[in-house]
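A.B. asks: So here's structure.pdb, just PDB, C-alpha atoms and all ligand atoms:
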ATOM      1  CA  MET A   1     -32.618 -22.676 -32.265  1.00  0.00           C
ATOM      2  CA  ARG A   2     -31.150 -19.966 -34.445  1.00  0.00           C
ATOM      3  CA  LEU A   3     -32.282 -17.258 -32.052  1.00  0.00           C
ATOM      4  CA  LEU A   4     -30.868 -19.184 -29.093  1.00  0.00           C
ATOM      5  CA  LYS A   5     -27.519 -19.522 -30.874  1.00  0.00           C
ATOM      6  CA  LYS A   6     -27.513 -15.784 -31.590  1.00  0.00           C
ATOM      7  CA  LEU A   7     -28.332 -14.973 -27.965  1.00  0.00           C
ATOM      8  CA  VAL A   8     -25.604 -17.272 -26.649  1.00  0.00           C
ATOM      9  CA  GLY A   9     -23.167 -15.743 -29.148  1.00  0.00           C
ATOM     10  CA  ALA A  10     -24.100 -12.224 -28.056  1.00  0.00           C
ATOM     11  CA  ALA A  11     -23.743 -13.183 -24.386  1.00  0.00           C
ATOM     12  CA  LEU A  12     -20.270 -14.609 -25.057  1.00  0.00           C
ATOM     13  CA  VAL A  13     -19.171 -11.484 -26.935  1.00  0.00           C
ATOM     14  CA  LEU A  14     -20.518  -9.241 -24.149  1.00  0.00           C
ATOM     15  CA  GLY A  15     -18.855 -11.402 -21.501  1.00  0.00           C
ATOM     16  CA  ALA A  16     -15.524 -11.281 -23.316  1.00  0.00           C
ATOM     17  CA  ALA A  17     -15.807  -7.501 -23.798  1.00  0.00           C
ATOM     18  CA  GLY A  18     -16.609  -7.120 -20.088  1.00  0.00           C
ATOM     19  CA  ALA A  19     -13.607  -9.228 -19.121  1.00  0.00           C
ATOM     20  CA  VAL A  20     -11.300  -7.165 -21.365  1.00  0.00           C
ATOM     21  CA  ALA A  21     -12.726  -3.897 -19.990  1.00  0.00           C
ATOM     22  CA  GLY A  22     -12.333  -5.157 -16.401  1.00  0.00           C
ATOM     23  CA  TRP A  23      -8.735  -6.173 -17.095  1.00  0.00           C
ATOM     24  CA  VAL A  24      -7.883  -2.794 -18.638  1.00  0.00           C
ATOM     25  CA  LEU A  25      -9.667  -0.777 -15.916  1.00  0.00           C
ATOM     26  CA  SER A  26      -7.997  -2.728 -13.099  1.00  0.00           C
ATOM     27  CA  ALA A  27      -4.422  -2.127 -14.322  1.00  0.00           C
ATOM     28  CA  PRO A  28      -2.011  -0.819 -11.659  1.00  0.00           C
ATOM     29  CA  VAL A  29      -1.177   2.896 -11.958  1.00  0.00           C
ATOM     30  CA  ARG A  30       2.187   4.160 -10.693  1.00  0.00           C
ATOM     31  CA  LEU A  31       3.170   7.703  -9.677  1.00  0.00           C
ATOM     32  CA  ASP A  32       3.974  10.045 -12.554  1.00  0.00           C
ATOM     33  CA  THR A  33       7.520  11.358 -13.102  1.00  0.00           C
ATOM     34  CA  GLU A  34       6.524  14.830 -11.891  1.00  0.00           C
ATOM     35  CA  THR A  35       5.554  13.464  -8.451  1.00  0.00           C
ATOM     36  CA  LEU A  36       8.620  11.213  -8.292  1.00  0.00           C
ATOM     37  CA  ALA A  37      10.806  14.262  -9.013  1.00  0.00           C
ATOM     38  CA  GLN A  38       9.495  15.866  -5.786  1.00  0.00           C
ATOM     39  CA  LEU A  39      10.787  13.053  -3.550  1.00  0.00           C
ATOM     40  CA  GLY A  40      14.045  14.861  -2.705  1.00  0.00           C
ATOM     41  CA  PRO A  41      17.030  13.541  -0.742  1.00  0.00           C
ATOM     42  CA  GLY A  42      15.175  12.417   2.450  1.00  0.00           C
ATOM     43  CA  ASP A  43      15.935  13.389   6.058  1.00  0.00           C
ATOM     44  CA  ALA A  44      15.846  10.554   8.641  1.00  0.00           C
ATOM     45  CA  ALA A  45      15.079  12.859  11.605  1.00  0.00           C
ATOM     46  CA  ARG A  46      12.001  14.209   9.844  1.00  0.00           C
ATOM     47  CA  GLY A  47      11.112  10.709   8.693  1.00  0.00           C
ATOM     48  CA  LYS A  48      10.911   9.480  12.306  1.00  0.00           C
ATOM     49  CA  ARG A  49       7.998  11.869  12.788  1.00  0.00           C
ATOM     50  CA  ILE A  50       6.248  10.503   9.689  1.00  0.00           C
ATOM     51  CA  PHE A  51       6.865   6.916  10.822  1.00  0.00           C
ATOM     52  CA  TYR A  52       5.137   7.482  14.177  1.00  0.00           C
ATOM     53  CA  ALA A  53       2.371   9.651  12.723  1.00  0.00           C
ATOM     54  CA  GLY A  54       1.678   6.853  10.209  1.00  0.00           C
ATOM     55  CA  GLY A  55       1.367   4.247  12.980  1.00  0.00           C
ATOM     56  CA  CYS A  56       3.507   1.731  11.088  1.00  0.00           C
ATOM     57  CA  THR A  57       4.522  -0.210  14.215  1.00  0.00           C
ATOM     58  CA  SER A  58       0.902  -0.840  15.223  1.00  0.00           C
ATOM     59  CA  CYS A  59       0.574  -3.256  12.293  1.00  0.00           C
ATOM     60  CA  HIS A  60       4.138  -4.208  11.297  1.00  0.00           C
ATOM     61  CA  ALA A  61       5.922  -4.691  14.670  1.00  0.00           C
ATOM     62  CA  LYS A  62       6.506  -8.290  15.648  1.00  0.00           C
ATOM     63  CA  PRO A  63       3.337  -9.250  17.590  1.00  0.00           C
ATOM     64  CA  GLY A  64       3.800  -9.046  21.356  1.00  0.00           C
ATOM     65  CA  SER A  65       7.011  -6.964  21.170  1.00  0.00           C
ATOM     66  CA  GLN A  66       7.539  -4.089  23.617  1.00  0.00           C
ATOM     67  CA  GLY A  67       9.632  -0.899  23.692  1.00  0.00           C
ATOM     68  CA  ASP A  68      12.518  -0.709  21.201  1.00  0.00           C
ATOM     69  CA  ALA A  69      11.732  -4.227  20.000  1.00  0.00           C
ATOM     70  CA  ARG A  70       8.709  -2.673  18.298  1.00  0.00           C
ATOM     71  CA  LEU A  71      11.163  -1.273  15.740  1.00  0.00           C
ATOM     72  CA  GLN A  72      11.739  -4.850  14.562  1.00  0.00           C
ATOM     73  CA  LEU A  73       9.269  -4.678  11.726  1.00  0.00           C
ATOM     74  CA  ALA A  74       8.978  -8.416  11.136  1.00  0.00           C
ATOM     75  CA  GLY A  75       5.202  -8.327  10.539  1.00  0.00           C
ATOM     76  CA  GLY A  76       3.004 -11.310  11.347  1.00  0.00           C
ATOM     77  CA  LEU A  77       0.084  -9.702  13.210  1.00  0.00           C
ATOM     78  CA  GLU A  78      -3.241 -11.282  12.197  1.00  0.00           C
ATOM     79  CA  LEU A  79      -5.875  -8.741  11.142  1.00  0.00           C
ATOM     80  CA  LYS A  80      -9.158 -10.662  11.000  1.00  0.00           C
ATOM     81  CA  THR A  81     -11.805  -9.078   8.766  1.00  0.00           C
ATOM     82  CA  PRO A  82     -15.016 -10.198   7.028  1.00  0.00           C
ATOM     83  CA  PHE A  83     -12.898 -10.721   3.849  1.00  0.00           C
ATOM     84  CA  GLY A  84     -10.441 -13.033   5.580  1.00  0.00           C
ATOM     85  CA  THR A  85      -7.204 -12.572   7.518  1.00  0.00           C
ATOM     86  CA  PHE A  86      -4.648  -9.977   6.424  1.00  0.00           C
ATOM     87  CA  VAL A  87      -1.089 -10.335   7.687  1.00  0.00           C
ATOM     88  CA  PRO A  88       1.116  -7.207   7.527  1.00  0.00           C
ATOM     89  CA  PRO A  89       4.421  -8.344   5.975  1.00  0.00           C
ATOM     90  CA  ASN A  90       8.029  -7.914   7.103  1.00  0.00           C
ATOM     91  CA  ILE A  91       8.976  -4.306   6.239  1.00  0.00           C
ATOM     92  CA  SER A  92      12.337  -4.384   8.035  1.00  0.00           C
ATOM     93  CA  GLN A  93      15.586  -3.633   6.228  1.00  0.00           C
ATOM     94  CA  ASP A  94      16.234  -7.299   5.430  1.00  0.00           C
ATOM     95  CA  ALA A  95      16.931  -7.272   1.674  1.00  0.00           C
ATOM     96  CA  LYS A  96      15.325 -10.691   1.074  1.00  0.00           C
ATOM     97  CA  ASP A  97      12.483 -10.972   3.593  1.00  0.00           C
ATOM     98  CA  GLY A  98      11.789  -7.253   4.145  1.00  0.00           C
ATOM     99  CA  ILE A  99      12.072  -4.100   2.055  1.00  0.00           C
ATOM    100  CA  GLY A 100      15.817  -3.424   2.498  1.00  0.00           C
ATOM    101  CA  ALA A 101      16.272  -3.516  -1.277  1.00  0.00           C
ATOM    102  CA  TRP A 102      13.419  -1.094  -2.025  1.00  0.00           C
ATOM    103  CA  SER A 103      14.232   2.274  -3.583  1.00  0.00           C
ATOM    104  CA  VAL A 104      12.506   5.430  -2.403  1.00  0.00           C
ATOM    105  CA  GLU A 105      10.431   5.272  -5.612  1.00  0.00           C
ATOM    106  CA  ASP A 106       9.284   1.747  -4.675  1.00  0.00           C
ATOM    107  CA  LEU A 107       8.159   2.973  -1.234  1.00  0.00           C
ATOM    108  CA  ALA A 108       6.394   6.000  -2.756  1.00  0.00           C
ATOM    109  CA  ASN A 109       4.450   3.815  -5.202  1.00  0.00           C
ATOM    110  CA  ALA A 110       3.428   1.482  -2.366  1.00  0.00           C
ATOM    111  CA  MET A 111       2.383   4.280   0.005  1.00  0.00           C
ATOM    112  CA  MET A 112       0.650   6.577  -2.478  1.00  0.00           C
ATOM    113  CA  LYS A 113      -0.616   4.206  -5.192  1.00  0.00           C
ATOM    114  CA  GLY A 114      -0.814   0.860  -3.410  1.00  0.00           C
ATOM    115  CA  VAL A 115       1.392  -0.738  -6.083  1.00  0.00           C
ATOM    116  CA  SER A 116       4.268  -3.143  -5.343  1.00  0.00           C
ATOM    117  CA  PRO A 117       7.661  -3.022  -7.108  1.00  0.00           C
ATOM    118  CA  SER A 118       6.555  -5.982  -9.258  1.00  0.00           C
ATOM    119  CA  GLY A 119       3.372  -4.129 -10.272  1.00  0.00           C
ATOM    120  CA  GLU A 120       0.773  -5.870  -8.083  1.00  0.00           C
ATOM    121  CA  HIS A 121      -1.975  -4.092  -6.174  1.00  0.00           C
ATOM    122  CA  PHE A 122      -1.793  -3.992  -2.380  1.00  0.00           C
ATOM    123  CA  TYR A 123      -4.948  -4.542  -0.344  1.00  0.00           C
ATOM    124  CA  PRO A 124      -6.182  -1.362   1.334  1.00  0.00           C
ATOM    125  CA  ALA A 125      -5.780  -3.122   4.718  1.00  0.00           C
ATOM    126  CA  PHE A 126      -2.405  -1.369   4.207  1.00  0.00           C
ATOM    127  CA  PRO A 127      -3.876   2.132   4.640  1.00  0.00           C
ATOM    128  CA  TYR A 128      -2.404   3.690   1.484  1.00  0.00           C
ATOM    129  CA  ALA A 129      -5.795   5.287   0.779  1.00  0.00           C
ATOM    130  CA  SER A 130      -4.833   7.648   3.655  1.00  0.00           C
ATOM    131  CA  TYR A 131      -1.093   7.796   2.901  1.00  0.00           C
ATOM    132  CA  ALA A 132      -1.927   8.833  -0.705  1.00  0.00           C
ATOM    133  CA  ARG A 133      -2.351  12.352   0.676  1.00  0.00           C
ATOM    134  CA  MET A 134       1.236  12.582   1.927  1.00  0.00           C
ATOM    135  CA  LYS A 135       3.746  14.910   0.321  1.00  0.00           C
ATOM    136  CA  PRO A 136       6.359  13.074  -1.781  1.00  0.00           C
ATOM    137  CA  ALA A 137       9.138  14.633   0.351  1.00  0.00           C
ATOM    138  CA  ASP A 138       7.565  13.023   3.461  1.00  0.00           C
ATOM    139  CA  ILE A 139       7.942   9.604   1.820  1.00  0.00           C
ATOM    140  CA  ALA A 140      11.633  10.289   1.098  1.00  0.00           C
ATOM    141  CA  ASP A 141      12.087  11.284   4.783  1.00  0.00           C
ATOM    142  CA  LEU A 142      10.257   8.131   5.893  1.00  0.00           C
ATOM    143  CA  HIS A 143      12.438   5.989   3.610  1.00  0.00           C
ATOM    144  CA  ALA A 144      15.590   7.594   5.097  1.00  0.00           C
ATOM    145  CA  PHE A 145      14.360   6.877   8.660  1.00  0.00           C
ATOM    146  CA  MET A 146      13.391   3.283   7.872  1.00  0.00           C
ATOM    147  CA  LYS A 147      16.959   2.733   6.585  1.00  0.00           C
ATOM    148  CA  THR A 148      18.137   3.313  10.199  1.00  0.00           C
ATOM    149  CA  LEU A 149      15.972   0.451  11.533  1.00  0.00           C
ATOM    150  CA  PRO A 150      17.211  -3.136  11.962  1.00  0.00           C
ATOM    151  CA  ALA A 151      17.003  -5.912   9.373  1.00  0.00           C
ATOM    152  CA  VAL A 152      14.961  -8.852  10.635  1.00  0.00           C
ATOM    153  CA  ALA A 153      15.079 -12.168   8.758  1.00  0.00           C
ATOM    154  CA  GLY A 154      11.973 -14.278   8.178  1.00  0.00           C
ATOM    155  CA  LYS A 155       8.875 -13.764   6.043  1.00  0.00           C
ATOM    156  CA  ALA A 156       5.511 -13.200   7.727  1.00  0.00           C
ATOM    157  CA  PRO A 157       2.779 -15.705   6.764  1.00  0.00           C
ATOM    158  CA  ALA A 158       0.698 -14.858   3.667  1.00  0.00           C
ATOM    159  CA  ASN A 159      -2.798 -13.354   3.805  1.00  0.00           C
ATOM    160  CA  SER A 160      -5.597 -15.882   3.950  1.00  0.00           C
ATOM    161  CA  LEU A 161      -8.566 -14.579   1.952  1.00  0.00           C
ATOM    162  CA  GLY A 162     -11.557 -16.243   0.363  1.00  0.00           C
ATOM    163  CA  PHE A 163     -12.617 -15.974  -3.299  1.00  0.00           C
ATOM    164  CA  PRO A 164     -12.998 -13.440  -4.955  1.00  0.00           C
ATOM    165  CA  PHE A 165     -11.040 -11.285  -2.494  1.00  0.00           C
ATOM    166  CA  ASN A 166      -7.880 -13.320  -3.107  1.00  0.00           C
ATOM    167  CA  ILE A 167      -7.668 -11.906  -6.663  1.00  0.00           C
ATOM    168  CA  ARG A 168      -5.379  -8.889  -6.289  1.00  0.00           C
ATOM    169  CA  ARG A 169      -6.133  -7.557  -9.752  1.00  0.00           C
ATOM    170  CA  GLY A 170      -9.724  -6.839  -8.634  1.00  0.00           C
ATOM    171  CA  ILE A 171      -8.422  -4.155  -6.252  1.00  0.00           C
ATOM    172  CA  GLY A 172      -7.747  -2.042  -9.343  1.00  0.00           C
ATOM    173  CA  LEU A 173     -11.515  -1.586  -9.722  1.00  0.00           C
ATOM    174  CA  TRP A 174     -11.874  -0.656  -6.029  1.00  0.00           C
ATOM    175  CA  LYS A 175      -9.094   1.916  -6.481  1.00  0.00           C
ATOM    176  CA  ARG A 176     -10.951   3.533  -9.393  1.00  0.00           C
ATOM    177  CA  LEU A 177     -13.817   4.255  -6.996  1.00  0.00           C
ATOM    178  CA  TYR A 178     -12.031   5.037  -3.750  1.00  0.00           C
ATOM    179  CA  LEU A 179      -8.313   5.874  -4.138  1.00  0.00           C
ATOM    180  CA  SER A 180      -7.774   9.622  -4.289  1.00  0.00           C
ATOM    181  CA  ASP A 181      -5.060  12.017  -3.123  1.00  0.00           C
ATOM    182  CA  GLN A 182      -7.701  14.650  -2.280  1.00  0.00           C
ATOM    183  CA  PRO A 183      -8.785  16.488  -0.167  1.00  0.00           C
ATOM    184  CA  VAL A 184      -5.721  17.799   1.644  1.00  0.00           C
ATOM    185  CA  VAL A 185      -6.030  20.420   4.401  1.00  0.00           C
ATOM    186  CA  SER A 186      -3.058  22.793   4.758  1.00  0.00           C
ATOM    187  CA  PHE A 187      -2.254  24.392   8.116  1.00  0.00           C
ATOM    188  CA  PRO A 188      -0.864  27.935   8.164  1.00  0.00           C
ATOM    189  CA  GLU A 189       2.932  28.242   8.487  1.00  0.00           C
ATOM    190  CA  GLY A 190       3.990  28.164  12.167  1.00  0.00           C
ATOM    191  CA  THR A 191       1.158  25.926  13.437  1.00  0.00           C
ATOM    192  CA  PRO A 192       2.598  23.751  16.277  1.00  0.00           C
ATOM    193  CA  ASP A 193       3.388  20.201  15.182  1.00  0.00           C
ATOM    194  CA  PRO A 194       0.891  17.908  16.964  1.00  0.00           C
ATOM    195  CA  VAL A 195       3.218  14.898  16.723  1.00  0.00           C
ATOM    196  CA  MET A 196       6.423  16.464  18.059  1.00  0.00           C
ATOM    197  CA  ALA A 197       4.701  18.689  20.661  1.00  0.00           C
TER     198      ALA A 197
HETATM  199  C1  LIG A 201      -3.677  -1.049   9.647  1.00  0.00           C
HETATM  200  C2  LIG A 201      -2.481  -1.816   9.506  1.00  0.00           C
HETATM  201  C3  LIG A 201      -1.300  -1.197   8.768  1.00  0.00           C
HETATM  202  C4  LIG A 201      -0.651  -0.017   9.034  1.00  0.00           C
HETATM  203  C5  LIG A 201      -0.997   1.027  10.076  1.00  0.00           C
HETATM  204  C6  LIG A 201       0.458   0.038   8.116  1.00  0.00           C
HETATM  205  N1  LIG A 201       0.463  -1.064   7.312  1.00  0.00           N
HETATM  206 FE1  LIG A 201       1.849  -1.530   5.900  1.00  0.00          FE
HETATM  207  N2  LIG A 201       0.735  -3.133   5.347  1.00  0.00           N
HETATM  208  C7  LIG A 201      -0.358  -3.614   6.005  1.00  0.00           C
HETATM  209  C8  LIG A 201      -0.848  -4.812   5.341  1.00  0.00           C
HETATM  210  C9  LIG A 201      -2.054  -5.636   5.748  1.00  0.00           C
HETATM  211  C10 LIG A 201       0.004  -5.010   4.235  1.00  0.00           C
HETATM  212  C11 LIG A 201      -0.113  -6.125   3.178  1.00  0.00           C
HETATM  213  C12 LIG A 201      -1.074  -5.703   2.099  1.00  0.00           C
HETATM  214  C13 LIG A 201      -1.225  -6.728   1.010  1.00  0.00           C
HETATM  215  O1  LIG A 201      -1.029  -7.934   1.245  1.00  0.00           O
HETATM  216  O2  LIG A 201      -1.579  -6.343  -0.115  1.00  0.00           O
HETATM  217  C14 LIG A 201       1.007  -3.954   4.275  1.00  0.00           C
HETATM  218  C15 LIG A 201       2.021  -3.830   3.357  1.00  0.00           C
HETATM  219  C16 LIG A 201       3.018  -2.868   3.448  1.00  0.00           C
HETATM  220  C17 LIG A 201       4.129  -2.770   2.520  1.00  0.00           C
HETATM  221  C18 LIG A 201       4.436  -3.720   1.371  1.00  0.00           C
HETATM  222  C19 LIG A 201       5.508  -4.689   1.805  1.00  0.00           C
HETATM  223  C20 LIG A 201       5.819  -5.780   0.831  1.00  0.00           C
HETATM  224  O3  LIG A 201       6.717  -6.588   1.113  1.00  0.00           O
HETATM  225  O4  LIG A 201       5.194  -5.897  -0.213  1.00  0.00           O
HETATM  226  C21 LIG A 201       4.881  -1.688   2.914  1.00  0.00           C
HETATM  227  C22 LIG A 201       6.155  -1.178   2.279  1.00  0.00           C
HETATM  228  C23 LIG A 201       4.229  -1.121   4.066  1.00  0.00           C
HETATM  229  N3  LIG A 201       3.100  -1.850   4.369  1.00  0.00           N
HETATM  230  C24 LIG A 201       4.712  -0.022   4.742  1.00  0.00           C
HETATM  231  C25 LIG A 201       4.019   0.598   5.781  1.00  0.00           C
HETATM  232  C26 LIG A 201       4.470   1.826   6.408  1.00  0.00           C
HETATM  233  C27 LIG A 201       5.752   2.561   6.074  1.00  0.00           C
HETATM  234  C28 LIG A 201       3.527   2.148   7.344  1.00  0.00           C
HETATM  235  C29 LIG A 201       3.470   3.380   8.213  1.00  0.00           C
HETATM  236  C30 LIG A 201       3.524   4.676   7.526  1.00  0.00           C
HETATM  237  C31 LIG A 201       2.497   1.108   7.296  1.00  0.00           C
HETATM  238  N4  LIG A 201       2.845   0.177   6.341  1.00  0.00           N
HETATM  239  C32 LIG A 201       1.367   1.067   8.082  1.00  0.00           C
HETATM  240  C33 LIG A 201      -0.946  -3.054   7.112  1.00  0.00           C
HETATM  241  C34 LIG A 201      -0.584  -1.844   7.679  1.00  0.00           C
END
Render the structure in this file as structure tokens.

C.D. replies:
Amino acid sequence: MRLLKKLVGAALVLGAAGAVAGWVLSAPVRLDTETLAQLGPGDAARGKRIFYAGGCTSCHAKPGSQGDARLQLAGGLELKTPFGTFVPPNISQDAKDGIGAWSVEDLANAMMKGVSPSGEHFYPAFPYASYARMKPADIADLHAFMKTLPAVAGKAPANSLGFPFNIRRGIGLWKRLYLSDQPVVSFPEGTPDPVMA
């Protein structure tokens, strides 16, 4: 009996230590001040290029919209995956239902660190693992361009994910393994721009 009690005690201590370690390791990490200082003023014309290169409309446009209506970034498309259904949210300029109230720093932390203004992890169905390689100035340009887009009222439905994938904090552990801002390939000065060409 004594040995059993000791074993159970040890298992509880180990379990608690594991839970604490998991909690600490999964904490959201925001951009450092040095990176934020490189954001710059933002240029909407350059940001348009980033917006289309990033394919934002393919996930965030109102489903079924055509032409200019695809700039109504109301979200709502259902992305069905083995983890459940992800629904890209409203990222229009609506201050309540979209991201109209987001600062450029908020957008940079979302795009490069997958962290929301309130400090929650985003799911990598939002491809920030790719956007993490962007230059901070590109994010400022993108933010300036998005400011020129319309505000659309109405929240998109929430994601519908099964356990344990519905626990956002767990993404912090995934990020430790897979979220990196490297490698980045630089093209020589003067290389034609594949997006604008
Ligand atoms: C492959 C689909 C996909 C693409 C492409 C995509 N997103 Fe998203 N985005 C998502 C999903 C899914 C979420 C929600 C993630 C979550 O619930 O954690 C999201 C969330 C966001 C959020 C957080 C909004 C909020 O209210 O919390 C922002 C901002 C955002 N995306 C901006 C962009 C921008 C800007 C682009 C283009 C550069 C882009 N996204 C491209 C799928 C996408």

A.B. asks: Please produce, as JSON lines, a per-residue contact table for chain A versus ligand LIG 201 (chain A) (criterion: any atom at most 8 Å away, only C-alpha atoms and all ligand atoms considered), showing the nearest atom pair and its distance in Å to one decimal, sorted by chain then residue number.

C.D. replies:
{"residue": "A:Ile50", "atom": "CA", "partner": "A:LIG201", "partner_atom": "C30", "distance": 6.8}
{"residue": "A:Phe51", "atom": "CA", "partner": "A:LIG201", "partner_atom": "C30", "distance": 5.2}
{"residue": "A:Tyr52", "atom": "CA", "partner": "A:LIG201", "partner_atom": "C30", "distance": 7.4}
{"residue": "A:Ala53", "atom": "CA", "partner": "A:LIG201", "partner_atom": "C30", "distance": 7.3}
{"residue": "A:Gly54", "atom": "CA", "partner": "A:LIG201", "partner_atom": "C30", "distance": 3.9}
{"residue": "A:Gly55", "atom": "CA", "partner": "A:LIG201", "partner_atom": "C5", "distance": 4.9}
{"residue": "A:Cys56", "atom": "CA", "partner": "A:LIG201", "partner_atom": "C29", "distance": 3.3}
{"residue": "A:Thr57", "atom": "CA", "partner": "A:LIG201", "partner_atom": "C5", "distance": 7.0}
{"residue": "A:Ser58", "atom": "CA", "partner": "A:LIG201", "partner_atom": "C5", "distance": 5.8}
{"residue": "A:Cys59", "atom": "CA", "partner": "A:LIG201", "partner_atom": "C2", "distance": 4.4}
{"residue": "A:His60", "atom": "CA", "partner": "A:LIG201", "partner_atom": "N1", "distance": 6.3}
{"residue": "A:Leu79", "atom": "CA", "partner": "A:LIG201", "partner_atom": "C9", "distance": 7.3}
{"residue": "A:Phe86", "atom": "CA", "partner": "A:LIG201", "partner_atom": "C9", "distance": 5.1}
{"residue": "A:Val87", "atom": "CA", "partner": "A:LIG201", "partner_atom": "C9", "distance": 5.2}
{"residue": "A:Pro88", "atom": "CA", "partner": "A:LIG201", "partner_atom": "C8", "distance": 3.8}
{"residue": "A:Pro89", "atom": "CA", "partner": "A:LIG201", "partner_atom": "C19", "distance": 5.7}
{"residue": "A:Asn90", "atom": "CA", "partner": "A:LIG201", "partner_atom": "O3", "distance": 6.3}
{"residue": "A:Ile91", "atom": "CA", "partner": "A:LIG201", "partner_atom": "C19", "distance": 5.6}
{"residue": "A:Asp97", "atom": "CA", "partner": "A:LIG201", "partner_atom": "O3", "distance": 7.7}
{"residue": "A:Gly98", "atom": "CA", "partner": "A:LIG201", "partner_atom": "O3", "distance": 5.9}
{"residue": "A:Ile99", "atom": "CA", "partner": "A:LIG201", "partner_atom": "O3", "distance": 6.0}
{"residue": "A:Leu107", "atom": "CA", "partner": "A:LIG201", "partner_atom": "C22", "distance": 5.8}
{"residue": "A:Ala110", "atom": "CA", "partner": "A:LIG201", "partner_atom": "C22", "distance": 6.0}
{"residue": "A:Met111", "atom": "CA", "partner": "A:LIG201", "partner_atom": "C24", "distance": 6.8}
{"residue": "A:Gly114", "atom": "CA", "partner": "A:LIG201", "partner_atom": "O2", "distance": 8.0}
{"residue": "A:Ser116", "atom": "CA", "partner": "A:LIG201", "partner_atom": "O4", "distance": 5.9}
{"residue": "A:Pro117", "atom": "CA", "partner": "A:LIG201", "partner_atom": "O4", "distance": 7.9}
{"residue": "A:His121", "atom": "CA", "partner": "A:LIG201", "partner_atom": "O2", "distance": 6.5}
{"residue": "A:Phe122", "atom": "CA", "partner": "A:LIG201", "partner_atom": "O2", "distance": 3.3}
{"residue": "A:Tyr123", "atom": "CA", "partner": "A:LIG201", "partner_atom": "O2", "distance": 3.8}
{"residue": "A:Pro124", "atom": "CA", "partner": "A:LIG201", "partner_atom": "C12", "distance": 6.7}
{"residue": "A:Ala125", "atom": "CA", "partner": "A:LIG201", "partner_atom": "C9", "distance": 4.6}
{"residue": "A:Phe126", "atom": "CA", "partner": "A:LIG201", "partner_atom": "C7", "distance": 3.5}
{"residue": "A:Pro127", "atom": "CA", "partner": "A:LIG201", "partner_atom": "C4", "distance": 5.9}
{"residue": "A:Tyr128", "atom": "CA", "partner": "A:LIG201", "partner_atom": "N4", "distance": 8.0}
{"residue": "A:Tyr131", "atom": "CA", "partner": "A:LIG201", "partner_atom": "C30", "distance": 7.2}
{"residue": "A:Leu142", "atom": "CA", "partner": "A:LIG201", "partner_atom": "C27", "distance": 7.2}
{"residue": "A:His143", "atom": "CA", "partner": "A:LIG201", "partner_atom": "C27", "distance": 7.9}
{"residue": "A:Met146", "atom": "CA", "partner": "A:LIG201", "partner_atom": "C27", "distance": 7.9}
{"residue": "A:Ala158", "atom": "CA", "partner": "A:LIG201", "partner_atom": "O1", "distance": 7.5}
{"residue": "A:Asn159", "atom": "CA", "partner": "A:LIG201", "partner_atom": "O1", "distance": 6.2}
{"residue": "A:Arg168", "atom": "CA", "partner": "A:LIG201", "partner_atom": "O2", "distance": 7.7}

A.B. asks: Exactly which residues make up the result of the PyMOL selection byres (((chain A and resi 108) around 12) and not hetatm) on this file, given as a short mmCIF file (atom, residue, chain, number, x, y, z; two decimals) with C-alpha atoms, in the coordinates of the input?

C.D. replies:
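selection15.cif written:
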data_model
loop_
_atom_site.label_atom_id
_atom_site.label_comp_id
_atom_site.auth_asym_id
_atom_site.auth_seq_id
_atom_site.Cartn_x
_atom_site.Cartn_y
_atom_site.Cartn_z
CA ARG A 30 2.19 4.16 -10.69
CA LEU A 31 3.17 7.70 -9.68
CA ASP A 32 3.97 10.04 -12.55
CA THR A 33 7.52 11.36 -13.10
CA THR A 35 5.55 13.46 -8.45
CA LEU A 36 8.62 11.21 -8.29
CA ALA A 37 10.81 14.26 -9.01
CA GLN A 38 9.49 15.87 -5.79
CA LEU A 39 10.79 13.05 -3.55
CA GLY A 40 14.04 14.86 -2.70
CA TRP A 102 13.42 -1.09 -2.02
CA SER A 103 14.23 2.27 -3.58
CA VAL A 104 12.51 5.43 -2.40
CA GLU A 105 10.43 5.27 -5.61
CA ASP A 106 9.28 1.75 -4.68
CA LEU A 107 8.16 2.97 -1.23
CA ASN A 109 4.45 3.82 -5.20
CA ALA A 110 3.43 1.48 -2.37
CA MET A 111 2.38 4.28 0.00
CA MET A 112 0.65 6.58 -2.48
CA LYS A 113 -0.62 4.21 -5.19
CA GLY A 114 -0.81 0.86 -3.41
CA VAL A 115 1.39 -0.74 -6.08
CA SER A 116 4.27 -3.14 -5.34
CA PRO A 117 7.66 -3.02 -7.11
CA TYR A 128 -2.40 3.69 1.48
CA TYR A 131 -1.09 7.80 2.90
CA ALA A 132 -1.93 8.83 -0.70
CA ARG A 133 -2.35 12.35 0.68
CA MET A 134 1.24 12.58 1.93
CA LYS A 135 3.75 14.91 0.32
CA PRO A 136 6.36 13.07 -1.78
CA ALA A 137 9.14 14.63 0.35
CA ASP A 138 7.56 13.02 3.46
CA ILE A 139 7.94 9.60 1.82
CA ALA A 140 11.63 10.29 1.10
CA ASP A 141 12.09 11.28 4.78
CA LEU A 142 10.26 8.13 5.89
CA HIS A 143 12.44 5.99 3.61
#

A.B. asks: So how far away is CA of Val184 (chain A) from CA of Thr148 (chain A), in Å?

C.D. replies: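 One can read the CA of Thr148 (chain A) to CA of Val184 (chain A) distance as 29.2 Å.
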
A.B. asks: Extract, using all atoms listed in the file, all DNA, RNA and protein residues at most 9 Å from region 161-163 of chain A, discarding same-chain residues fewer than 4 positions from it, and format them as a list in words.

C.D. replies: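 Answer for this query is Phe83, Gly84, Thr85, Phe86 and Ile167 of chain A.
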
A.B. asks: Compare A:Asp193, A:Ser130, A:Thr81, A:Asp94 by their minimum atom-to-atom distance to Phe165 (chain A), counting all atoms listed in the file, and give me the closest one.

C.D. replies: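 Closest to Phe165 (chain A), using all atoms listed in the file: A:Thr81.
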
A.B. asks: I'd like to know which of A:Ala144, A:Ala129, A:Ala156, A:Ala17 is closest to Leu179 (chain A), using only C-alpha atoms.

C.D. replies: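 Smallest distance to Leu179 (chain A) is found for A:Ala129.
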